[in-house]
file run02.tsv (TSV, C-alpha atoms and all ligand atoms)
chain	number	residue	atom	x	y	z
A	289	MET	CA	219.39	197.51	3.38
A	290	ALA	CA	220.33	196.27	6.85
A	291	SER	CA	222.93	198.30	8.71
A	292	LEU	CA	226.05	196.51	9.87
A	293	ALA	CA	226.95	199.10	12.50
A	294	GLY	CA	227.72	197.54	15.87
A	295	LYS	CA	227.46	193.94	14.59
A	296	VAL	CA	230.05	191.32	15.47
A	297	ALA	CA	231.44	189.62	12.36
A	298	VAL	CA	233.94	186.80	11.90
A	299	VAL	CA	235.88	186.48	8.64
A	300	THR	CA	237.86	183.30	7.98
A	301	GLY	CA	240.79	183.58	5.61
A	302	ALA	CA	241.32	187.18	6.73
A	303	SER	CA	245.12	187.09	6.41
A	304	SER	CA	245.10	187.66	2.63
A	305	GLY	CA	243.21	188.60	-0.51
A	306	ILE	CA	239.41	188.80	-0.44
A	307	GLY	CA	239.16	188.01	3.29
A	308	TRP	CA	241.60	190.81	4.17
A	309	ALA	CA	239.64	193.34	2.08
A	310	LEU	CA	236.31	192.04	3.40
A	311	ALA	CA	237.39	192.42	7.02
A	312	LYS	CA	238.47	196.01	6.36
A	313	GLU	CA	235.24	196.82	4.52
A	314	LEU	CA	233.12	195.35	7.33
A	315	ALA	CA	235.09	197.38	9.88
A	316	VAL	CA	234.54	200.55	7.82
A	317	ARG	CA	230.79	199.79	7.90
A	318	GLY	CA	230.92	199.65	11.72
A	319	CYS	CA	231.35	195.93	12.43
A	320	LYS	CA	233.63	194.62	15.15
A	321	VAL	CA	235.56	191.92	13.33
A	322	GLY	CA	237.14	188.62	14.38
A	323	LEU	CA	240.00	187.73	12.04
A	324	VAL	CA	240.61	183.99	11.52
A	325	ALA	CA	243.41	182.30	9.54
A	326	ARG	CA	246.62	180.36	10.24
A	327	ARG	CA	249.15	183.21	9.82
A	328	GLU	CA	249.11	185.17	13.06
A	329	ALA	CA	251.52	187.94	11.99
A	330	GLU	CA	249.30	188.92	9.04
A	331	LEU	CA	246.19	188.91	11.25
A	332	LYS	CA	247.92	191.15	13.79
A	333	THR	CA	248.97	193.57	11.04
A	334	LEU	CA	245.38	193.73	9.77
A	335	ALA	CA	244.00	194.22	13.30
A	336	ALA	CA	246.43	197.12	13.77
A	337	GLU	CA	245.37	198.68	10.42
A	338	VAL	CA	241.70	198.43	11.40
A	339	ALA	CA	242.42	199.95	14.83
A	340	ALA	CA	244.44	202.78	13.25
A	341	ALA	CA	241.39	203.60	11.11
A	342	GLY	CA	239.20	203.75	14.22
A	343	GLY	CA	237.70	200.25	14.01
A	344	THR	CA	237.84	197.13	16.17
A	345	ALA	CA	239.33	193.80	15.09
A	346	VAL	CA	240.79	190.86	17.00
A	347	PRO	CA	242.98	188.12	15.55
A	348	ALA	CA	242.14	184.46	16.30
A	349	VAL	CA	244.45	181.88	14.78
A	350	ALA	CA	242.92	178.66	13.44
A	351	ASP	CA	243.24	176.08	10.70
A	352	VAL	CA	239.66	175.95	9.39
A	353	ALA	CA	240.11	172.28	8.49
A	354	ASP	CA	240.40	171.50	12.21
A	355	ARG	CA	237.01	171.77	13.94
A	356	ALA	CA	238.42	172.15	17.48
A	357	GLN	CA	240.63	175.06	16.36
A	358	VAL	CA	237.68	176.78	14.68
A	359	GLU	CA	235.50	176.37	17.80
A	360	ALA	CA	238.30	177.78	19.99
A	361	ALA	CA	238.94	180.75	17.68
A	362	VAL	CA	235.24	181.65	17.50
A	363	ALA	CA	234.94	181.31	21.29
A	364	ALA	CA	237.88	183.71	21.68
A	365	VAL	CA	236.22	186.26	19.35
A	366	ARG	CA	232.91	185.87	21.22
A	367	GLN	CA	234.67	186.50	24.53
A	368	ALA	CA	236.41	189.60	23.18
A	369	LEU	CA	233.62	191.14	21.10
A	370	GLY	CA	230.30	189.50	22.09
A	371	PRO	CA	227.86	187.12	20.34
A	372	ILE	CA	228.52	186.58	16.64
A	373	ASP	CA	226.00	188.24	14.30
A	374	LEU	CA	227.73	187.49	11.00
A	375	MET	CA	229.98	184.56	10.03
A	376	VAL	CA	231.79	184.89	6.70
A	377	ALA	CA	233.41	181.56	5.81
A	378	ASN	CA	235.87	182.77	3.20
A	379	ALA	CA	239.06	180.71	3.75
A	380	GLY	CA	239.89	178.62	0.72
A	381	VAL	CA	242.62	177.00	-1.32
A	382	GLY	CA	242.91	176.44	-5.05
A	383	LYS	CA	245.05	173.73	-6.57
A	384	ALA	CA	245.10	172.28	-10.06
A	385	THR	CA	243.74	168.75	-10.45
A	386	ARG	CA	246.32	166.71	-12.31
A	387	LEU	CA	245.71	163.62	-14.45
A	388	ASP	CA	248.66	161.33	-13.95
A	389	PRO	CA	249.53	160.94	-11.21
A	390	VAL	CA	246.38	162.34	-9.65
A	391	ASN	CA	247.41	164.74	-6.85
A	392	VAL	CA	245.01	163.19	-4.36
A	393	ALA	CA	246.50	165.05	-1.37
A	394	ASP	CA	245.64	168.38	-3.06
A	395	VAL	CA	242.12	167.15	-3.79
A	396	GLU	CA	241.72	166.15	-0.13
A	397	ALA	CA	243.08	169.52	1.09
A	398	GLN	CA	240.61	171.43	-1.08
A	399	LEU	CA	237.66	169.40	0.17
A	400	ARG	CA	238.77	169.79	3.79
A	401	VAL	CA	239.44	173.54	3.69
A	402	ASN	CA	236.85	174.67	1.14
A	403	VAL	CA	233.97	172.43	2.24
A	404	LEU	CA	234.55	171.30	5.84
A	405	GLY	CA	236.04	174.72	6.64
A	406	VAL	CA	232.63	176.24	5.85
A	407	VAL	CA	230.75	173.54	7.77
A	408	TYR	CA	232.93	174.02	10.88
A	409	ALA	CA	232.72	177.83	10.76
A	410	PHE	CA	228.93	177.72	10.54
A	411	ALA	CA	228.66	174.98	13.19
A	412	ALA	CA	230.57	177.19	15.61
A	413	VAL	CA	227.86	179.88	15.51
A	414	GLN	CA	224.61	178.20	14.40
A	415	GLY	CA	223.52	177.33	17.96
A	416	GLU	CA	223.86	180.85	19.31
A	417	MET	CA	222.22	182.35	16.21
A	418	LEU	CA	219.22	180.00	16.51
A	419	ALA	CA	218.91	180.77	20.23
A	420	ARG	CA	218.98	184.51	19.52
A	421	LYS	CA	216.68	184.07	16.46
A	422	SER	CA	219.08	186.25	14.53
A	423	GLY	CA	222.27	185.92	12.52
A	424	HIS	CA	223.75	185.70	9.05
A	425	LEU	CA	225.81	182.83	7.61
A	426	VAL	CA	227.84	183.72	4.50
A	427	ALA	CA	230.23	181.57	2.48
A	428	VAL	CA	232.58	182.80	-0.23
A	429	SER	CA	232.13	180.12	-2.88
A	430	SER	CA	232.92	180.73	-6.56
A	431	ILE	CA	231.53	180.88	-10.07
A	432	ALA	CA	233.74	177.80	-10.52
A	433	GLY	CA	231.07	175.90	-8.57
A	434	PHE	CA	228.65	176.25	-11.50
A	435	ARG	CA	230.44	173.67	-13.66
A	436	GLY	CA	233.48	171.42	-13.69
A	437	LEU	CA	236.38	172.98	-15.56
A	438	PRO	CA	239.29	171.11	-17.11
A	439	GLY	CA	242.22	171.10	-14.69
A	440	GLU	CA	240.06	172.41	-11.83
A	441	SER	CA	237.82	169.42	-11.07
A	442	ALA	CA	238.50	169.32	-7.33
A	443	TYR	CA	238.27	173.08	-6.83
A	444	CYS	CA	235.00	173.25	-8.81
A	445	ALA	CA	233.62	170.23	-6.92
A	446	SER	CA	234.46	171.83	-3.58
A	447	LYS	CA	232.65	175.04	-4.52
A	448	ALA	CA	229.66	173.14	-5.96
A	449	ALA	CA	229.42	171.34	-2.61
A	450	VAL	CA	229.42	174.68	-0.78
A	451	ASN	CA	226.68	176.05	-3.06
A	452	VAL	CA	224.42	173.04	-2.48
A	453	TYR	CA	225.17	172.84	1.26
A	454	LEU	CA	224.07	176.45	1.63
A	455	ASP	CA	220.95	175.90	-0.51
A	456	GLY	CA	219.79	173.20	1.90
A	457	LEU	CA	220.74	175.19	4.97
A	458	ARG	CA	218.90	178.28	3.69
A	459	ALA	CA	215.66	176.34	3.25
A	460	GLN	CA	216.06	174.57	6.61
A	461	LEU	CA	216.67	177.87	8.42
A	462	HIS	CA	213.71	179.61	6.78
A	463	GLY	CA	211.65	181.34	9.46
A	464	THR	CA	214.30	181.03	12.19
A	465	GLY	CA	215.72	184.54	11.81
A	466	VAL	CA	219.04	183.17	10.56
A	467	ARG	CA	219.88	184.13	6.97
A	468	VAL	CA	222.21	182.37	4.52
A	469	THR	CA	224.09	184.01	1.64
A	470	THR	CA	226.23	182.28	-0.98
A	471	ILE	CA	228.81	184.55	-2.62
A	472	CYS	CA	230.14	183.41	-6.02
A	473	PRO	CA	232.85	185.76	-7.30
A	474	GLY	CA	234.53	185.56	-10.69
A	475	PHE	CA	238.26	186.27	-10.92
A	476	VAL	CA	239.82	188.42	-8.18
A	477	LYS	CA	243.46	189.56	-8.15
A	478	THR	CA	244.84	187.84	-5.03
A	479	PRO	CA	247.75	185.51	-4.19
A	480	MET	CA	245.44	182.63	-5.21
A	481	THR	CA	245.27	183.82	-8.83
A	482	GLU	CA	248.62	185.59	-9.18
A	483	SER	CA	250.37	182.62	-10.80
A	484	ASN	CA	247.57	181.98	-13.32
A	485	THR	CA	248.95	182.29	-16.84
A	486	PHE	CA	245.60	182.13	-18.65
A	487	HIS	CA	243.35	185.13	-19.39
A	488	MET	CA	241.07	185.98	-16.45
A	489	PRO	CA	238.04	187.84	-17.87
A	490	GLY	CA	236.61	190.56	-15.63
A	491	LEU	CA	239.50	190.40	-13.13
A	492	MET	CA	238.58	192.50	-10.07
A	493	THR	CA	240.57	194.00	-7.22
A	494	PRO	CA	239.91	192.50	-3.77
A	495	GLU	CA	238.65	195.90	-2.56
A	496	PHE	CA	236.07	196.12	-5.37
A	497	ALA	CA	234.97	192.52	-4.72
A	498	ALA	CA	234.73	193.20	-0.97
A	499	ARG	CA	232.44	196.20	-1.52
A	500	LYS	CA	230.16	194.12	-3.78
A	501	ILE	CA	230.12	191.27	-1.24
A	502	VAL	CA	229.32	193.54	1.72
A	503	ASN	CA	226.48	195.16	-0.23
A	504	ALA	CA	225.08	191.70	-1.04
A	505	ILE	CA	225.28	190.81	2.66
A	506	ARG	CA	223.47	194.02	3.63
A	507	ARG	CA	220.74	193.30	1.06
A	508	GLY	CA	220.36	189.76	2.44
A	509	LYS	CA	220.91	188.17	-1.00
A	510	LYS	CA	220.42	184.38	-1.20
A	511	VAL	CA	223.05	183.84	-3.90
A	512	TYR	CA	225.19	186.62	-5.29
A	513	ALA	CA	227.30	185.76	-8.35
A	514	PHE	CA	229.37	188.48	-9.99
A	515	PRO	CA	230.26	189.71	-12.55
A	516	TRP	CA	226.84	188.55	-13.78
A	517	THR	CA	228.00	188.11	-17.40
A	518	LEU	CA	230.72	185.63	-16.39
A	519	ALA	CA	228.29	183.86	-14.05
A	520	MET	CA	225.73	183.49	-16.85
A	521	LEU	CA	228.31	182.31	-19.40
A	522	THR	CA	229.70	179.76	-16.93
A	523	LYS	CA	226.20	178.38	-16.28
A	524	LEU	CA	225.41	178.27	-20.02
A	525	SER	CA	228.68	176.46	-20.73
A	526	ARG	CA	227.21	173.37	-19.03
A	527	TRP	CA	225.42	172.72	-22.34
A	528	LEU	CA	228.55	172.94	-24.48
A	529	PRO	CA	230.14	169.75	-25.84
A	530	ASP	CA	233.28	168.62	-23.96
A	531	ARG	CA	235.50	169.12	-27.03
A	532	LEU	CA	234.50	172.80	-27.16
A	533	VAL	CA	235.01	173.27	-23.41
A	534	GLN	CA	238.44	171.68	-23.73
A	535	ARG	CA	239.25	173.96	-26.71
A	536	VAL	CA	238.09	177.16	-24.95
A	537	MET	CA	239.21	176.34	-21.42
A	538	GLY	CA	241.86	173.74	-22.13
A	539	GLY	CA	244.55	176.28	-21.22
A	540	TYR	CA	243.56	175.55	-17.65
A	541	ASP	CA	244.29	171.89	-18.24
A	542	THR	CA	247.65	172.57	-19.90
A	543	ASP	CA	248.59	174.88	-17.06
A	544	ALA	CA	247.47	172.23	-14.61
A	545	GLU	CA	249.96	169.79	-16.05
A	546	LYS	CA	252.82	172.29	-16.15
A	547	GLY	CA	252.08	175.04	-13.68
A	548	PRO	CA	252.82	175.67	-10.03
A	549	GLY	CA	249.42	174.42	-8.99
A	550	GLU	CA	247.73	177.50	-7.56
A	551	ARG	CA	244.41	178.17	-9.21
A	552	GLY	CA	241.53	180.47	-8.68
A	553	ALA	CA	238.02	181.81	-9.27
B	1	LIG	N1	240.76	184.97	-6.14
B	1	LIG	C1	239.74	184.57	-6.90
B	1	LIG	O1	239.73	184.77	-8.14
B	1	LIG	C2	238.56	183.91	-6.27
B	1	LIG	C3	237.39	183.81	-7.04
B	1	LIG	C4	236.27	183.20	-6.50
B	1	LIG	C5	236.30	182.72	-5.22
B	1	LIG	N2	237.46	182.82	-4.48
B	1	LIG	C6	237.42	182.29	-3.13
B	1	LIG	O2	237.65	183.38	-2.25
B	1	LIG	C7	238.22	182.89	-1.05
B	1	LIG	C8	239.47	183.71	-0.72
B	1	LIG	O3	240.42	183.51	-1.76
B	1	LIG	P1	241.56	184.56	-2.11
B	1	LIG	O4	241.56	184.71	-3.57
B	1	LIG	O5	241.45	185.75	-1.26
B	1	LIG	O6	242.84	183.69	-1.75
B	1	LIG	P2	244.16	184.01	-0.88
B	1	LIG	O7	244.59	185.41	-1.05
B	1	LIG	O8	245.08	182.90	-1.20
B	1	LIG	O9	243.62	183.86	0.62
B	1	LIG	C9	243.20	182.62	1.12
B	1	LIG	C10	242.90	182.82	2.59
B	1	LIG	O10	242.43	181.56	3.12
B	1	LIG	C11	243.18	181.26	4.27
B	1	LIG	N3	243.32	179.81	4.43
B	1	LIG	C12	243.74	178.91	3.53
B	1	LIG	N4	243.79	177.69	4.09
B	1	LIG	C13	243.39	177.85	5.38
B	1	LIG	C14	243.24	176.97	6.47
B	1	LIG	N5	243.50	175.66	6.36
B	1	LIG	N6	242.82	177.48	7.65
B	1	LIG	C15	242.57	178.80	7.79
B	1	LIG	N7	242.68	179.67	6.80
B	1	LIG	C16	243.10	179.20	5.60
B	1	LIG	C17	244.54	181.91	4.07
B	1	LIG	O11	245.12	182.19	5.34
B	1	LIG	P3	246.37	181.42	5.99
B	1	LIG	O12	247.23	180.93	4.88
B	1	LIG	O13	247.00	182.47	6.85
B	1	LIG	O14	245.75	180.33	6.80
B	1	LIG	C18	244.13	183.22	3.39
B	1	LIG	O15	243.78	184.17	4.35
B	1	LIG	C19	238.51	181.41	-1.28
B	1	LIG	O16	237.49	180.63	-0.73
B	1	LIG	C20	238.50	181.30	-2.79
B	1	LIG	O17	238.19	180.00	-3.21
B	1	LIG	C21	238.58	183.40	-4.98
call {"tool": "encode", "arguments": {"input": "run02.tsv", "output": "structure tokens"}}
result
Amino acid sequence: MASLAGKVAVVTGASSGIGWALAKELAVRGCKVGLVARREAELKTLAAEVAAAGGTAVPAVADVADRAQVEAAVAAVRQALGPIDLMVANAGVGKATRLDPVNVADVEAQLRVNVLGVVYAFAAVQGEMLARKSGHLVAVSSIAGFRGLPGESAYCASKAAVNVYLDGLRAQLHGTGVRVTTICPGFVKTPMTESNTFHMPGLMTPEFAARKIVNAIRRGKKVYAFPWTLAMLTKLSRWLPDRLVQRVMGGYDTDAEKGPGERGA
């Protein structure tokens, strides 16, 4: 297992949920951490918590859907902490996909944040990692990227795009010293999932998920999907007839038509 001590890491979406817990876990393992998100107050609170525990973290505000903001935030972290060794593109949004009218703006937002947010975060560090022949690109995708789910088409499509983007990148970067890890969690108890009314099998705390993710990063995993039972069942469900998928997972769809719109996994 590779040690993370002394490495410079950036975590996008660090102001909440999985990203918050991940940043803390990386700091505990000895990383200096750049904290990226839009909410500055939350990032400052997290930076203070990390400092109080003896670690180093700097906030850098950015909307990950805006490439110039991402470049500027990463440049600020680089200036404060040094060259970036580890980029964790974690920022994401989850919105239901409605049928009539189709909430196209929500679909667009998910593709911008969940897909382009990863592309921009990686683009901000790929050059320096290639030049140094060392680095690690990590994206927090989702088990939801393994198949389209009723009421979650756009979210699932965004995560499937991340999975495939990273597959290509991993092969292209083979032999360069730059590693690529795709993280596909199941359900995690965060603000993204708190309004879900359906049963979330295997629901994890963000701290538990963060420990699993950091261990996968240290082991240099290509793709890490957990819990493995949910990952396997989701993959197998691709072969189920649509009527059965709608019967088993149709609660998602019903919620999508009625609910507040925040989704997850
Ligand atoms: N919770 C789950 O069950 C679950 C399961 C699998 C995968 N995931 C994935 O895990 C990641 C984190 O989700 P979470 O559950 O921790 O959700 P969360 O608690 O809602 O946190 C989302 C984070 O993303 C940031 N973010 C959203 N839009 C952004 C933007 N335009 N620019 C910059 N930052 C932005 C938010 O920060 P600001 O609002 O401050 O910008 C926040 O820090 C997401 O990619 C999600 O898809 C979640």
call {"tool": "residues_near_point", "arguments": {"input": "run02.tsv", "point": "(238.0, 192.7, -15.4)", "cutoff": "10 Å", "atoms": "only C-alpha atoms", "output": "VMD selection string"}}
result
chain A and resid 474 to 477 488 to 493 515
call {"tool": "residues_near_ligand", "arguments": {"input": "run02.tsv", "ligand": "ligand LIG 1 (chain B)", "cutoff": "6 Å", "atoms": "all atoms listed in the file", "output": "mmCIF file with C-alpha atoms, in the coordinates of the input"}}
result
data_model
loop_
_atom_site.group_PDB
_atom_site.id
_atom_site.type_symbol
_atom_site.label_atom_id
_atom_site.label_comp_id
_atom_site.auth_asym_id
_atom_site.auth_seq_id
_atom_site.Cartn_x
_atom_site.Cartn_y
_atom_site.Cartn_z
ATOM 1 C CA GLY A 301 240.790 183.580 5.610
ATOM 2 C CA ALA A 302 241.320 187.180 6.730
ATOM 3 C CA SER A 303 245.120 187.090 6.410
ATOM 4 C CA SER A 304 245.100 187.660 2.630
ATOM 5 C CA GLY A 305 243.210 188.600 -0.510
ATOM 6 C CA ILE A 306 239.410 188.800 -0.440
ATOM 7 C CA GLY A 307 239.160 188.010 3.290
ATOM 8 C CA ALA A 325 243.410 182.300 9.540
ATOM 9 C CA ARG A 326 246.620 180.360 10.240
ATOM 10 C CA ARG A 327 249.150 183.210 9.820
ATOM 11 C CA ALA A 350 242.920 178.660 13.440
ATOM 12 C CA ASP A 351 243.240 176.080 10.700
ATOM 13 C CA VAL A 352 239.660 175.950 9.390
ATOM 14 C CA ALA A 353 240.110 172.280 8.490
ATOM 15 C CA ASN A 378 235.870 182.770 3.200
ATOM 16 C CA ALA A 379 239.060 180.710 3.750
ATOM 17 C CA GLY A 380 239.890 178.620 0.720
ATOM 18 C CA VAL A 381 242.620 177.000 -1.320
ATOM 19 C CA VAL A 401 239.440 173.540 3.690
ATOM 20 C CA VAL A 428 232.580 182.800 -0.230
ATOM 21 C CA SER A 429 232.130 180.120 -2.880
ATOM 22 C CA SER A 430 232.920 180.730 -6.560
ATOM 23 C CA PRO A 473 232.850 185.760 -7.300
ATOM 24 C CA GLY A 474 234.530 185.560 -10.690
ATOM 25 C CA PHE A 475 238.260 186.270 -10.920
ATOM 26 C CA VAL A 476 239.820 188.420 -8.180
ATOM 27 C CA LYS A 477 243.460 189.560 -8.150
ATOM 28 C CA THR A 478 244.840 187.840 -5.030
ATOM 29 C CA PRO A 479 247.750 185.510 -4.190
ATOM 30 C CA MET A 480 245.440 182.630 -5.210
ATOM 31 C CA THR A 481 245.270 183.820 -8.830
ATOM 32 C CA GLY A 552 241.530 180.470 -8.680
ATOM 33 C CA ALA A 553 238.020 181.810 -9.270
#
call {"tool": "closest_residue", "arguments": {"input": "run02.tsv", "among": "A:Ile471, A:Glu495, A:Val321, A:Lys510", "to": "Leu369 in chain A", "atoms": "only C-alpha atoms"}}
result
A:Val321
call {"tool": "residues_around", "arguments": {"input": "run02.tsv", "residues": "Gly322 in chain A", "least_positions_apart": "2", "cutoff": "9 Å", "atoms": "only C-alpha atoms", "output": "list in words"}}
result
Val296, Ala297, Val298, Val299, Thr300, Ala302, Ala311, Lys320, Val324, Ala335, Thr344, Ala345, Val346, Pro347, Ala348, Ala361, Val362, Ala364, Val365, Arg366, Ala368 and Leu369 of chain A
call {"tool": "write_last_selection", "arguments": {"input": "run02.tsv", "atoms": "C-alpha atoms", "output": "short mmCIF file (atom, residue, chain, number, x, y, z; two decimals), in the coordinates of the input"}}
result
data_model
loop_
_atom_site.label_atom_id
_atom_site.label_comp_id
_atom_site.auth_asym_id
_atom_site.auth_seq_id
_atom_site.Cartn_x
_atom_site.Cartn_y
_atom_site.Cartn_z
CA VAL A 296 230.05 191.32 15.47
CA ALA A 297 231.44 189.62 12.36
CA VAL A 298 233.94 186.80 11.90
CA VAL A 299 235.88 186.48 8.64
CA THR A 300 237.86 183.30 7.98
CA ALA A 302 241.32 187.18 6.73
CA ALA A 311 237.39 192.42 7.02
CA LYS A 320 233.63 194.62 15.15
CA VAL A 324 240.61 183.99 11.52
CA ALA A 335 244.00 194.22 13.30
CA THR A 344 237.84 197.13 16.17
CA ALA A 345 239.33 193.80 15.09
CA VAL A 346 240.79 190.86 17.00
CA PRO A 347 242.98 188.12 15.55
CA ALA A 348 242.14 184.46 16.30
CA ALA A 361 238.94 180.75 17.68
CA VAL A 362 235.24 181.65 17.50
CA ALA A 364 237.88 183.71 21.68
CA VAL A 365 236.22 186.26 19.35
CA ARG A 366 232.91 185.87 21.22
CA ALA A 368 236.41 189.60 23.18
CA LEU A 369 233.62 191.14 21.10
#
call {"tool": "residues_around", "arguments": {"input": "run02.tsv", "residues": "Trp527 in chain A", "least_positions_apart": "4", "cutoff": "12 Å", "atoms": "only C-alpha atoms", "output": "list of chain:residue names"}}
result
A:Phe434, A:Arg435, A:Gly436, A:Leu521, A:Thr522, A:Lys523, A:Arg531, A:Leu532, A:Val533
call {"tool": "residues_around", "arguments": {"input": "run02.tsv", "residues": "Ala293 in chain A", "least_positions_apart": "4", "cutoff": "7 Å", "atoms": "all atoms listed in the file", "output": "VMD selection string"}}
result
chain A and resid 317 to 319
call {"tool": "write_last_selection", "arguments": {"input": "run02.tsv", "atoms": "C-alpha atoms", "output": "PDB file, in the coordinates of the input"}}
result
ATOM      1  CA  ARG A 317     230.790 199.790   7.900  1.00  0.00           C
ATOM      2  CA  GLY A 318     230.920 199.650  11.720  1.00  0.00           C
ATOM      3  CA  CYS A 319     231.350 195.930  12.430  1.00  0.00           C
TER       4      CYS A 319
END
call {"tool": "closest_residue", "arguments": {"input": "run02.tsv", "among": "A:Leu437, A:Ala459, A:Leu334, A:Val450", "to": "Gly538 in chain A", "atoms": "all atoms listed in the file"}}
result
A:Leu437
call {"tool": "closest_residue", "arguments": {"input": "run02.tsv", "among": "A:Ala309, A:Ala377, A:Val452, A:Val358", "to": "Glu337 in chain A", "atoms": "only C-alpha atoms"}}
result
A:Ala309
call {"tool": "atom_distance", "arguments": {"input": "run02.tsv", "atom1": "CA of Leu454 in chain A", "atom2": "CA of Lys312 in chain A"}}
result
24.7 Å
call {"tool": "residues_around", "arguments": {"input": "run02.tsv", "residues": "Ala442 in chain A", "least_positions_apart": "3", "cutoff": "12 Å", "atoms": "all atoms listed in the file", "output": "PyMOL selection string"}}
result
chain A and resi 381-387+390-403+432-433+435-439+445-449+544+551-552
call {"tool": "atom_distance", "arguments": {"input": "run02.tsv", "atom1": "CA of Val426 in chain A", "atom2": "CA of Thr333 in chain A"}}
result
24.2 Å
call {"tool": "decode", "arguments": {"input": "run02.tsv", "residues": "range 495-509 of chain A", "atoms": "N, CA and C atoms", "output": "compact mmCIF listing (two decimals), in the first residue's frame"}}
result
# COMPACT_ATOMS: atom_id res chain seq x y z
N GLU A 495 -18.12 8.73 6.93
CA GLU A 495 -16.79 8.40 7.50
C GLU A 495 -16.36 6.99 7.10
N PHE A 496 -17.31 6.04 7.16
CA PHE A 496 -17.01 4.66 6.75
C PHE A 496 -16.64 4.63 5.27
N ALA A 497 -17.45 5.32 4.45
CA ALA A 497 -17.19 5.35 3.00
C ALA A 497 -15.82 5.98 2.73
N ALA A 498 -15.50 7.05 3.46
CA ALA A 498 -14.22 7.75 3.24
C ALA A 498 -13.04 6.82 3.54
N ARG A 499 -13.16 6.03 4.61
CA ARG A 499 -12.05 5.11 4.94
C ARG A 499 -11.87 4.07 3.83
N LYS A 500 -13.00 3.54 3.32
CA LYS A 500 -12.93 2.55 2.24
C LYS A 500 -12.30 3.19 0.98
N ILE A 501 -12.70 4.42 0.71
CA ILE A 501 -12.20 5.10 -0.51
C ILE A 501 -10.69 5.37 -0.38
N VAL A 502 -10.27 5.85 0.78
CA VAL A 502 -8.84 6.15 0.96
C VAL A 502 -8.01 4.86 0.88
N ASN A 503 -8.53 3.77 1.41
CA ASN A 503 -7.79 2.50 1.29
C ASN A 503 -7.70 2.06 -0.17
N ALA A 504 -8.77 2.27 -0.93
CA ALA A 504 -8.74 1.92 -2.37
C ALA A 504 -7.72 2.79 -3.11
N ILE A 505 -7.64 4.06 -2.73
CA ILE A 505 -6.65 4.96 -3.34
C ILE A 505 -5.24 4.47 -3.00
N ARG A 506 -5.02 4.13 -1.75
CA ARG A 506 -3.67 3.68 -1.34
C ARG A 506 -3.29 2.38 -2.06
N ARG A 507 -4.28 1.53 -2.32
CA ARG A 507 -3.98 0.26 -3.00
C ARG A 507 -3.88 0.45 -4.52
N GLY A 508 -4.17 1.67 -5.00
CA GLY A 508 -4.09 1.93 -6.43
C GLY A 508 -5.10 1.16 -7.24
N LYS A 509 -6.30 0.95 -6.67
CA LYS A 509 -7.37 0.20 -7.37
C LYS A 509 -7.74 0.90 -8.68
